[in-house]
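Q: Please read through the structure below; I'll follow up with questions.
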Amino acid sequence: MNKRTLGKTGFNISEISLGTWQVGGKWGSGFDDKLAESILEKAIDEGVNFIDTADVYEDRASEAAVGRVVKRHSERIYVATKCGRFIEPHVSEGYTPKVLRGYVEKSLKNTGLETLDLIQLHCPPTDVYYRPEIFELFDRLKDEGKILNLGVSVEKVEEALKAIEYPNVTTVQIIFNIFRQRPSELFFKEAAKKDIGIIVRVPLASGLLTGRFSRSTEFAPEDHRNFNRDGAAFDKGETFAGVPYEMGLDAVEELKKVFPVESSSPENVNLAPMALRWILDHPQVSTIIPGASKLEHLESNLSAGKMAPMSKDLHEKITGIYEERIKALVHQLW
């Protein structure tokens with residue numbers, strides 16, 4: 001497994017890591033501890049040493065599974081979790097140092113870890129980024145030995161740029177993929193100046209970039225790809241990277257024409273490794289955290305690390321598809 005440095009944390013981490021939103025099963029379908037632990041164990045066996053979770057994932061069950069598995073291993077496994085999304089209603093006023101401290105302490109208890117390697121504010125409302133007292137809290141938590149580093153998970157480039165003005169912010173988790181290219185324009189440059197680690201989430205646009213979906217694909221009622229396309233539950237940019245589903249499918253068909261893939265049938269096409277390779281070709285990226293609800297998903301994701309960088313010509317063709325079919329739909333929104 002190739003490693004990259006996670007900004008000023010100094011952590012040397014796997015360039016393809018693991019996000020655990022759906023590690024214990026499909027979105028909203030309940031949590032399978034045995035499945036979750038098998039995926040986590042396999043990831044570690046394959047060289048993954050950075051795992052991203054959150055307290056709200058399956059009401060703390062995902063976070064607890066990560067803690068159990070990591071504690072079984074003697075090798076250094078870095079754990080990143082998140083806090084804030086339990087605040088209801090999810091508004092800036094709900095964010096207070098007392099509330100956030102409580103979440104950090106619950107995550108320590110839930111994971112069974114003595115210290116959290118990285119705690120991230122979990123896509124807070126934009127106003128939170130303009131409140132210094134929220135960020136100051138984490139300096140105290142670090143002094144107390146409860147955390148090593150503070151990061152943020154953001155929806156918008158604006159939020160990322162504001163967050164890295166705070167000296168104690170070490171990482172930014174952001175959506176970046178073939179269908180969401182804006183972060184590479186300004187944010188990547190500013191992050192490099194401040195040695196900020198960049199954690200890429202939603203790298204496959206909720207599976208859209210695997211090339212395995214069609215207009216007849218059905219998603220379960222409890223799956224966010226069913227109910228959140230217009231942002232009914234949370235920011236719609238988290239679902240298919242904000243791209244209208246049918247338009248995304250059309251763009252994927254164009255990608256299939258330029259990606260060097262061979263398949264006996266459309267349902268066997270798997271664009272995921274190439275979509276991840278495209279992200280890895282951006283040296284500013286510290287790690288990608290694709291999810292996996294099956295071992296085969298994990299194996300597919302990790303195979304991207306064994307691929308050679310894409311050619312300049314292929315990058316130009318991908319950019320052309322984005323410019324023609326996707327940019328106007330998403331670029332200025334996030």
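Quick note on naming: the chains in the structure tokens go A, B, ... in the order shown, residues restart at 1 in each chain, and ligands are numbered from 1 in order of appearance.
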DSSP on the backbone, helix (DSSP H, G or I) only: what residues of region 6-225 of chain A does that give? Format it as a ChimeraX atom specification.
A: /A:7-9,33-45,61-71,92-94,97-111,126-130,132-143,157-163,182-184,187-193,208-210,224-225
Q: Fewer than 4 positions away in the same chain doesn't count, so skip those; otherwise give me all residues within 8 Å of region 241-244 of chain A, counting only C-alpha atoms, as a ChimeraX atom specification.
A: /A:175,179-180,202,205-206,229,236-237,248,326,329-330
Q: Would you mind listing, for every residue of region 147-186 of chain A within 7 Å of region 115-120 of chain A, the two atoms forming the shortest contact and the distance between them in Å to one decimal, using only C-alpha atoms, sorted by chain and ascending residue number, as CSV?
A:
residue,atom,partner,partner_atom,distance
A:Ile147,CA,A:Leu116,CA,4.6
A:Leu148,CA,A:Asp117,CA,5.0
A:Asn149,CA,A:Leu118,CA,4.7
A:Leu150,CA,A:Ile119,CA,5.2
A:Gly151,CA,A:Gln120,CA,4.4
A:Val152,CA,A:Gln120,CA,4.6
A:Ser153,CA,A:Gln120,CA,6.2
Q: Between A:Ala328, A:Leu209, A:Ala233, A:Ala163, which residue has the minimum interatomic distance to Pro132 (chain A), considering only C-alpha atoms?
A: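 Ranking A:Ala328, A:Leu209, A:Ala233, A:Ala163 by distance to Pro132 (chain A), first place goes to A:Ala163.
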Q: Could you write out, as a VMD selection string, all the residues of region 150-305 of chain A that DSSP marks as strand (DSSP E)?
A: chain A and resid 150 to 153 169 to 175 197 to 201 287 to 288
Q: Those residues with C-alpha atoms, as an mmCIF file, in the first residue's frame please?
A:
data_model
loop_
_atom_site.group_PDB
_atom_site.id
_atom_site.type_symbol
_atom_site.label_atom_id
_atom_site.label_comp_id
_atom_site.auth_asym_id
_atom_site.auth_seq_id
_atom_site.Cartn_x
_atom_site.Cartn_y
_atom_site.Cartn_z
ATOM 1 C CA LEU A 150 -8.632 18.662 14.787
ATOM 2 C CA GLY A 151 -10.069 18.523 11.302
ATOM 3 C CA VAL A 152 -13.249 19.535 9.531
ATOM 4 C CA SER A 153 -15.546 17.796 7.104
ATOM 5 C CA VAL A 169 -7.133 22.756 11.873
ATOM 6 C CA THR A 170 -4.884 20.068 10.410
ATOM 7 C CA THR A 171 -7.134 18.317 7.872
ATOM 8 C CA VAL A 172 -10.103 18.967 5.616
ATOM 9 C CA GLN A 173 -12.418 16.240 4.422
ATOM 10 C CA ILE A 174 -14.093 17.270 1.191
ATOM 11 C CA ILE A 175 -16.029 15.812 -1.729
ATOM 12 C CA GLY A 197 -4.123 17.109 4.943
ATOM 13 C CA ILE A 198 -6.833 16.515 2.339
ATOM 14 C CA ILE A 199 -9.185 13.585 2.905
ATOM 15 C CA VAL A 200 -11.396 12.866 -0.099
ATOM 16 C CA ARG A 201 -14.860 11.494 0.540
ATOM 17 C CA THR A 287 -5.999 9.881 1.161
ATOM 18 C CA ILE A 288 -9.277 8.702 -0.331
#
Q: So, counting only C-alpha atoms, which residue among A:Thr126, A:Ser107, A:Asn177, A:Thr20 is closest to Glu158 (chain A)?
A: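 Closest to Glu158 (chain A), using only C-alpha atoms: A:Thr126.
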Q: For Ala275 (chain A), find every residue with an atom within 9 Å (counting only C-alpha atoms), except residues of its own chain fewer than 5 positions away, and show them as number ranges by chain.
A: A: 177-178, 203-204, 209-210, 304
Q: CA of Asp52 (chain A) and CA of Leu18 (chain A) are how many Å apart?
A: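 The value is 6.2 Å.
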Q: Interatomic distance between CA of Asp32 (chain A) and CA of Gly67 (chain A)?
A: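 Separation between CA of Asp32 (chain A) and CA of Gly67 (chain A): 15.2 Å.
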Q: If we count only C-alpha atoms, what is near Glu88 (chain A) at a cut-off of 12 Å, once residues fewer than 5 positions away on the same chain are taken out, given as a PyMOL selection string?
A: chain A and resi 93-95+99+124
